[in-house]
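Enquirer: Below is the file query_38.csv, with CSV, C-alpha atoms.
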```
chain,number,residue,atom,x,y,z
T,173,MET,CA,-0.1,5.5,-4.1
T,174,SER,CA,3.1,5.5,-6.2
T,175,PHE,CA,3.3,3.9,-9.7
T,176,GLU,CA,5.6,1.1,-8.3
T,177,GLU,CA,3.2,0.4,-5.5
T,178,LYS,CA,0.3,0.0,-7.9
T,179,ASN,CA,2.5,-2.3,-10.0
T,180,THR,CA,3.1,-4.4,-6.9
T,181,TRP,CA,-0.7,-4.7,-6.2
T,182,ILE,CA,-1.2,-5.7,-9.8
T,183,TYR,CA,1.5,-8.3,-9.7
T,184,GLY,CA,0.1,-9.9,-6.5
T,185,LEU,CA,-3.5,-9.7,-7.5
T,186,THR,CA,-3.0,-11.2,-11.0
T,187,ALA,CA,-1.0,-14.1,-9.4
T,188,VAL,CA,-3.9,-14.8,-7.0
T,189,LEU,CA,-6.6,-14.4,-9.8
T,190,GLY,CA,-4.6,-16.8,-12.0
T,191,ALA,CA,-4.3,-19.4,-9.2
T,192,ALA,CA,-8.0,-19.0,-8.3
T,193,ALA,CA,-9.0,-19.6,-11.9
T,194,TYR,CA,-6.6,-22.6,-12.1
T,195,ALA,CA,-8.0,-24.0,-8.8
T,196,VAL,CA,-11.6,-23.8,-10.3
T,197,ILE,CA,-10.6,-25.4,-13.6
T,198,VAL,CA,-8.2,-28.1,-12.4
T,199,GLY,CA,-8.6,-28.4,-8.6
T,200,SER,CA,-12.3,-29.2,-8.9
T,201,GLN,CA,-11.5,-32.3,-11.0
T,202,ILE,CA,-9.2,-33.9,-8.3
T,203,PRO,CA,-11.9,-35.5,-6.2
T,204,THR,CA,-13.6,-37.2,-9.1
T,205,THR,CA,-10.8,-37.9,-11.7
T,206,PRO,CA,-7.5,-39.7,-11.3
T,207,VAL,CA,-4.7,-37.2,-11.5
T,208,THR,CA,-3.1,-39.1,-14.4
T,209,GLU,CA,-6.2,-38.3,-16.5
T,210,ILE,CA,-6.5,-34.6,-15.6
T,211,ASP,CA,-5.3,-32.2,-18.4
T,212,TYR,CA,-3.5,-29.7,-16.2
T,213,VAL,CA,-0.8,-28.6,-18.7
T,214,VAL,CA,-2.9,-26.4,-21.0
T,215,PRO,CA,-4.8,-24.7,-18.1
T,216,MET,CA,-1.6,-24.0,-16.2
T,217,ILE,CA,0.1,-22.5,-19.2
T,218,ALA,CA,-3.1,-20.5,-20.0
T,219,VAL,CA,-3.4,-19.0,-16.5
T,220,ILE,CA,0.3,-18.2,-16.3
T,221,VAL,CA,0.2,-16.5,-19.7
T,222,GLY,CA,-3.2,-15.0,-18.9
T,223,ALA,CA,-1.9,-13.5,-15.6
T,224,ILE,CA,1.1,-12.0,-17.4
T,225,VAL,CA,-1.1,-10.4,-20.1
T,226,LEU,CA,-3.6,-9.2,-17.5
T,227,SER,CA,-0.9,-7.5,-15.5
T,228,ILE,CA,0.6,-5.8,-18.6
T,229,LEU,CA,-2.9,-4.5,-19.5
T,230,ALA,CA,-3.5,-3.3,-16.0
T,231,ILE,CA,-0.1,-1.5,-16.0
T,232,ILE,CA,-1.0,0.1,-19.3
T,233,VAL,CA,-4.4,1.3,-17.9
T,234,VAL,CA,-2.7,2.7,-14.7
T,235,SER,CA,-0.1,4.5,-16.9
T,236,ILE,CA,-2.8,6.0,-19.0
T,237,ALA,CA,-4.8,7.0,-15.9
T,238,SER,CA,-1.8,8.9,-14.4
T,239,PRO,CA,0.8,9.5,-17.1
T,240,SER,CA,2.8,11.9,-15.1
T,241,GLU,CA,3.6,9.2,-12.5
T,242,ALA,CA,4.1,6.4,-15.1
T,243,ASP,CA,7.5,4.7,-14.9
T,244,LYS,CA,8.7,7.0,-12.1
T,245,ARG,CA,11.0,5.0,-9.8
T,246,ASP,CA,13.3,6.3,-7.0
T,247,GLU,CA,15.6,4.9,-4.3
T,248,ARG,CA,12.7,4.0,-2.0
T,249,ASP,CA,11.0,1.9,-4.7
T,250,ARG,CA,14.3,0.1,-5.4
T,251,GLN,CA,14.8,-0.6,-1.7
T,252,VAL,CA,11.2,-1.8,-1.3
T,253,ASN,CA,11.6,-4.1,-4.3
T,254,THR,CA,14.9,-5.5,-3.1
T,255,ARG,CA,13.4,-6.3,0.3
T,256,GLY,CA,10.4,-8.0,-1.3
T,257,ASP,CA,12.5,-9.9,-3.7
T,258,GLN,CA,14.9,-11.1,-1.0
T,259,VAL,CA,12.0,-12.5,1.1
T,260,GLY,CA,10.5,-14.0,-2.1
T,261,PHE,CA,13.8,-15.7,-2.8
T,262,TYR,CA,13.9,-17.4,0.6
T,263,VAL,CA,10.3,-18.5,0.3
T,264,MET,CA,10.9,-19.9,-3.1
T,265,SER,CA,14.0,-21.7,-2.0
T,266,VAL,CA,12.1,-23.5,0.8
T,267,LEU,CA,9.0,-24.2,-1.2
T,268,ALA,CA,11.1,-25.6,-4.1
T,269,LEU,CA,12.0,-28.5,-1.8
T,270,VAL,CA,8.5,-29.8,-2.1
T,271,PRO,CA,8.6,-30.6,-5.9
T,272,LEU,CA,12.2,-31.8,-5.4
T,273,GLY,CA,11.1,-34.2,-2.8
T,274,LEU,CA,8.1,-35.3,-4.9
T,275,ALA,CA,10.5,-36.0,-7.8
T,276,PHE,CA,12.8,-38.0,-5.6
T,277,ALA,CA,9.8,-40.0,-4.5
T,278,GLU,CA,8.8,-40.5,-8.2
T,279,ALA,CA,5.4,-38.9,-7.6
T,280,GLU,CA,3.1,-38.2,-10.5
T,281,HIS,CA,4.1,-35.3,-12.8
T,282,PHE,CA,0.8,-33.7,-11.9
T,283,TRP,CA,1.9,-33.2,-8.2
T,284,ILE,CA,5.4,-32.1,-9.1
T,285,ALA,CA,4.2,-29.5,-11.6
T,286,ASN,CA,1.4,-28.3,-9.4
T,287,SER,CA,3.6,-28.0,-6.3
T,288,LEU,CA,6.0,-25.9,-8.3
T,289,TYR,CA,3.2,-23.7,-9.6
T,290,LEU,CA,1.9,-23.3,-6.1
T,291,ALA,CA,5.4,-22.3,-5.0
T,292,PHE,CA,5.5,-19.6,-7.6
T,293,VAL,CA,2.1,-18.2,-6.6
T,294,VAL,CA,3.0,-18.2,-2.9
T,295,THR,CA,6.3,-16.5,-3.6
T,296,ALA,CA,4.5,-13.8,-5.7
T,297,VAL,CA,1.9,-13.2,-3.0
T,298,VAL,CA,4.4,-13.1,-0.1
T,299,SER,CA,6.8,-10.8,-2.0
T,300,SER,CA,3.9,-8.5,-2.9
T,301,VAL,CA,2.7,-8.4,0.7
T,302,VAL,CA,6.2,-7.6,2.0
T,303,LYS,CA,6.5,-4.8,-0.5
T,304,ILE,CA,3.1,-3.3,0.2
T,305,THR,CA,3.8,-3.5,3.9
T,306,ALA,CA,7.1,-1.7,3.4
T,307,TYR,CA,5.3,1.0,1.4
T,308,ARG,CA,2.6,1.5,4.0
T,309,ARG,CA,4.5,1.0,7.3
T,310,GLY,CA,7.9,2.0,6.2
T,311,LEU,CA,11.3,0.4,5.6
M,190,MET,CA,2.3,3.1,14.6
M,191,VAL,CA,5.9,2.4,15.4
M,192,ARG,CA,8.2,4.6,13.4
M,193,PRO,CA,10.8,2.5,11.5
M,194,THR,CA,13.5,5.2,11.9
M,195,ARG,CA,14.7,7.3,14.8
M,196,VAL,CA,15.6,10.1,12.4
M,197,THR,CA,13.3,13.1,12.7
M,198,ASN,CA,13.0,16.0,10.3
M,199,ASP,CA,11.7,19.5,9.9
M,200,ILE,CA,10.7,19.1,6.2
M,201,ARG,CA,7.1,20.2,6.8
M,202,ARG,CA,8.1,23.4,8.6
M,203,LEU,CA,10.8,24.1,6.0
M,204,ARG,CA,8.3,23.7,3.2
M,205,PHE,CA,5.9,26.2,4.7
M,206,GLU,CA,8.8,28.6,5.3
M,207,HIS,CA,9.8,28.3,1.6
M,208,ALA,CA,6.7,29.9,0.1
M,209,GLU,CA,4.5,26.9,1.1
M,210,MET,CA,6.3,24.6,-1.2
M,211,THR,CA,4.2,21.5,-1.9
M,212,GLN,CA,5.3,18.0,-1.5
M,213,ALA,CA,5.1,17.5,-5.2
M,214,GLU,CA,7.3,20.6,-5.8
M,215,LEU,CA,9.9,19.3,-3.4
M,216,ALA,CA,9.7,15.8,-5.0
M,217,ASP,CA,10.4,17.4,-8.4
M,218,LYS,CA,13.4,19.3,-7.1
M,219,VAL,CA,14.9,16.2,-5.4
M,220,GLY,CA,14.0,13.9,-8.3
M,221,VAL,CA,11.9,11.4,-6.4
M,222,THR,CA,8.2,10.5,-6.2
M,223,ARG,CA,5.8,12.6,-4.1
M,224,GLN,CA,5.0,9.4,-2.1
M,225,THR,CA,8.7,9.2,-1.1
M,226,ILE,CA,8.7,12.8,0.2
M,227,ILE,CA,5.5,12.0,2.2
M,228,ALA,CA,7.1,8.9,3.6
M,229,VAL,CA,10.3,10.8,4.6
M,230,GLU,CA,8.2,13.6,6.1
M,231,GLN,CA,6.2,11.2,8.2
M,232,GLY,CA,9.2,9.3,9.4
M,233,ARG,CA,8.3,6.1,7.5
M,234,TYR,CA,11.4,6.2,5.4
M,235,SER,CA,15.0,7.1,6.2
M,236,PRO,CA,16.5,8.5,3.0
M,237,THR,CA,20.0,7.8,1.8
M,238,LEU,CA,22.6,10.3,2.7
M,239,GLU,CA,22.6,11.5,-0.9
M,240,MET,CA,18.9,12.2,-0.9
M,241,ALA,CA,19.1,13.8,2.5
M,242,PHE,CA,21.7,16.3,1.1
M,243,GLN,CA,19.4,16.9,-2.0
M,244,ILE,CA,16.5,17.7,0.3
M,245,ALA,CA,18.6,20.1,2.3
M,246,GLY,CA,19.9,21.6,-0.9
M,247,ALA,CA,16.4,22.2,-2.1
M,248,PHE,CA,15.8,24.4,0.9
M,249,GLY,CA,19.3,25.9,0.8
M,250,VAL,CA,20.1,24.9,4.4
M,251,PRO,CA,22.6,22.6,6.0
M,252,LEU,CA,21.7,18.9,6.6
M,253,GLU,CA,21.3,19.3,10.3
M,254,GLN,CA,18.6,21.9,9.9
M,255,VAL,CA,16.5,19.3,8.1
M,256,PHE,CA,17.3,16.0,9.8
M,257,GLN,CA,18.0,15.3,13.5
M,258,TYR,CA,19.0,12.1,15.3
M,259,PRO,CA,18.6,11.7,19.1
M,260,ASP,CA,21.9,11.7,20.9
M,261,LYS,CA,20.8,9.3,23.7
M,262,GLU,CA,18.7,6.2,24.0
```
Could you write out this file's structure as structure tokens?

Expert:
Amino acid sequence: MSFEEKNTWIYGLTAVLGAAAYAVIVGSQIPTTPVTEIDYVVPMIAVIVGAIVLSILAIIVVSIASPSEADKRDERDRQVNTRGDQVGFYVMSVLALVPLGLAFAEAEHFWIANSLYLAFVVTAVVSSVVKITAYRRGL
Amino acid sequence: MVRPTRVTNDIRRLRFEHAEMTQAELADKVGVTRQTIIAVEQGRYSPTLEMAFQIAGAFGVPLEQVFQYPDKE
């Protein structure tokens, strides 16, 4: 597995881990607490920052484990990245309509912020899956 | 598995004819990752024209001795 493919796995997995942690912390409160009383801002910032820090640490570990491959990137990596990012752009463009619609409908900030976060997570996962599929099955 | 490209190649044969050159050695000569050479060799990635010329150059042969494309459907 190339360094860039490992990075793709790390990016996708940390996004999922962050979302899972957020779902446990915040999502579990939804059935019992009114959304206006749920403190979602600090947990959301914490999981976003946490996912970024975790992915940086994981990349450092991967780089130390195989230093000769670290930071090696070629034309195939660039093409795979472009394809994944293109698909991610379309997914994000469509999913961004949800928070936009919620804002138009004057929904609670909770739902607007969370639908936007979900859009980011889904985009990260879809883009990672597209890239990994391209690495495994070919471009 | 469906091959994403109709381009075929003789890289594997050429490697063995050139002192059993490893995929890593060829990758170093061409300046790409070993995984990219594996993908090209297995037909999972169709290289750019520039990289194709670099691979042919690494073996010291013309492009058509490395890569082939079927004439008919």

Enquirer: Give as a PyMOL selection string every residue of chain M that touches chain T within 10 Å, counting all atoms listed in the file.

Expert: chain M and resi 190-194+220-226+228-229+231-237+240

Enquirer: Here is a test: counting all atoms listed in the file, which residue of T:Val252, T:Leu185, T:Ile210, T:Asn179 is nearest to Asn286 in chain T?

Expert: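 The closest residue to Asn286 in chain T is T:Ile210.
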
Enquirer: Can you list, as JSON, numbers by chain, every protein, DNA or RNA residue that comes within 9 Å of Tyr183 in chain T when you count all atoms listed in the file, leaving out same-chain residues fewer than 3 positions away?

Expert: {"T": [178, 179, 180, 186, 187, 188, 223, 224, 227, 296, 297, 300]}

Enquirer: Measure the distance from CA of Ala275 in chain T to CA of Val259 in chain T in Å and round it to one decimal.

Expert: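 The value is 25.2 Å.
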
Enquirer: Can you measure CA of Leu238 in chain M to CA of Arg250 in chain T for me? One decimal in Å is fine.

Expert: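 Distance reported for this atom pair: 15.4 Å.
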
Enquirer: Work out how far apart CA of Ile182 in chain T and CA of Lys218 in chain M are and give it in Å to one decimal.

Expert: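 These atoms are spaced 29.1 Å apart.
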
Enquirer: For range 244-247 of chain M, find every residue with an atom within 10 Å (counting all atoms listed in the file), except residues of its own chain fewer than 4 positions away, and show them as a list in words.

Expert: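 Once the adjacent positions are removed, what remains is Ile200, Leu203, Arg204, His207, Glu214, Leu215, Ala216, Asp217, Lys218, Val219, Gly220, Ile226, Pro236, Leu238, Glu239, Met240, Pro251, Leu252, Glu253, Gln254, Val255 and Phe256 of chain M.
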
Enquirer: Which residues come within 9 Å of Ser299 in chain T, counting all atoms listed in the file, excluding same-chain residues fewer than 2 positions away, as a list in words?

Expert: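 Here the qualifying residues turn out to be Thr180, Gly184, Asn253, Arg255, Gly256, Asp257, Gln258, Val259, Gly260, Phe261, Val263, Val294, Thr295, Ala296, Val297, Val301, Val302, Lys303 and Ile304 of chain T.
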
Enquirer: Any chance you can output those residues with C-alpha atoms as an mmCIF file, in the coordinates of the input?

Expert:
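So part_3.cif came out as:
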```cif
data_model
loop_
_atom_site.group_PDB
_atom_site.id
_atom_site.type_symbol
_atom_site.label_atom_id
_atom_site.label_comp_id
_atom_site.auth_asym_id
_atom_site.auth_seq_id
_atom_site.Cartn_x
_atom_site.Cartn_y
_atom_site.Cartn_z
ATOM 1 C CA THR T 180 3.100 -4.400 -6.900
ATOM 2 C CA GLY T 184 0.100 -9.900 -6.500
ATOM 3 C CA ASN T 253 11.600 -4.100 -4.300
ATOM 4 C CA ARG T 255 13.400 -6.300 0.300
ATOM 5 C CA GLY T 256 10.400 -8.000 -1.300
ATOM 6 C CA ASP T 257 12.500 -9.900 -3.700
ATOM 7 C CA GLN T 258 14.900 -11.100 -1.000
ATOM 8 C CA VAL T 259 12.000 -12.500 1.100
ATOM 9 C CA GLY T 260 10.500 -14.000 -2.100
ATOM 10 C CA PHE T 261 13.800 -15.700 -2.800
ATOM 11 C CA VAL T 263 10.300 -18.500 0.300
ATOM 12 C CA VAL T 294 3.000 -18.200 -2.900
ATOM 13 C CA THR T 295 6.300 -16.500 -3.600
ATOM 14 C CA ALA T 296 4.500 -13.800 -5.700
ATOM 15 C CA VAL T 297 1.900 -13.200 -3.000
ATOM 16 C CA VAL T 301 2.700 -8.400 0.700
ATOM 17 C CA VAL T 302 6.200 -7.600 2.000
ATOM 18 C CA LYS T 303 6.500 -4.800 -0.500
ATOM 19 C CA ILE T 304 3.100 -3.300 0.200
#
```

Enquirer: Counting all atoms listed in the file, figure out which residue out of T:Leu226, T:Val213, T:Ala192, T:Ile197 gets nearest to Ile284 in chain T.

Expert: T:Val213

Enquirer: Please export range 201-262 of chain M as a compact mmCIF listing (two decimals), in the first residue's frame, restricted to C-alpha atoms.

Expert:
```
# COMPACT_ATOMS: atom_id res chain seq x y z
CA ARG M 201 7.00 -8.21 -16.44
CA ARG M 202 8.83 -9.99 -19.29
CA LEU M 203 11.11 -7.01 -19.88
CA ARG M 204 12.02 -6.83 -16.19
CA PHE M 205 13.12 -10.45 -16.20
CA GLU M 206 15.06 -9.96 -19.42
CA HIS M 207 16.88 -7.02 -17.82
CA ALA M 208 18.74 -8.89 -15.09
CA GLU M 209 15.51 -9.68 -13.23
CA MET M 210 14.95 -6.05 -12.42
CA THR M 211 12.63 -5.70 -9.45
CA GLN M 212 9.49 -3.54 -9.47
CA ALA M 213 11.17 -1.31 -6.87
CA GLU M 214 14.23 -0.82 -9.11
CA LEU M 215 12.05 0.08 -12.09
CA ALA M 216 10.03 2.45 -9.89
CA ASP M 217 13.23 4.22 -8.82
CA LYS M 218 14.39 4.56 -12.43
CA VAL M 219 11.04 6.02 -13.50
CA GLY M 220 10.58 8.12 -10.36
CA VAL M 221 7.23 6.68 -9.23
CA THR M 222 6.10 4.47 -6.36
CA ARG M 223 6.46 0.69 -6.52
CA GLN M 224 2.67 0.44 -6.20
CA THR M 225 2.24 2.43 -9.40
CA ILE M 226 4.56 0.07 -11.30
CA ILE M 227 2.54 -2.88 -9.93
CA ALA M 228 -0.71 -1.20 -11.02
CA VAL M 229 0.65 -0.53 -14.53
CA GLU M 230 2.02 -4.07 -14.83
CA GLN M 231 -1.33 -5.56 -13.80
CA GLY M 232 -3.29 -3.31 -16.17
CA ARG M 233 -5.00 -1.43 -13.35
CA TYR M 234 -3.51 1.89 -14.36
CA SER M 235 -2.85 3.35 -17.77
CA PRO M 236 0.20 5.60 -17.41
CA THR M 237 0.54 9.02 -18.99
CA LEU M 238 2.45 9.17 -22.26
CA GLU M 239 5.40 10.72 -20.43
CA MET M 240 5.58 7.91 -17.88
CA ALA M 241 5.16 5.31 -20.64
CA PHE M 242 8.19 6.78 -22.42
CA GLN M 243 10.13 6.77 -19.15
CA ILE M 244 9.35 3.07 -18.62
CA ALA M 245 10.43 2.26 -22.17
CA GLY M 246 13.55 4.35 -21.60
CA ALA M 247 14.38 2.40 -18.45
CA PHE M 248 14.50 -0.76 -20.58
CA GLY M 249 16.17 0.99 -23.53
CA VAL M 250 13.48 -0.14 -25.97
CA PRO M 251 10.88 1.67 -28.13
CA LEU M 252 7.46 2.37 -26.60
CA GLU M 253 5.63 -0.24 -28.72
CA GLN M 254 7.82 -3.00 -27.29
CA VAL M 255 6.47 -2.18 -23.84
CA PHE M 256 2.87 -1.16 -24.46
CA GLN M 257 0.33 -2.49 -26.94
CA TYR M 258 -3.20 -1.45 -27.80
CA PRO M 259 -5.65 -3.76 -29.64
CA ASP M 260 -6.33 -2.61 -33.23
CA LYS M 261 -9.93 -3.91 -33.36
CA GLU M 262 -12.88 -4.08 -30.96
```
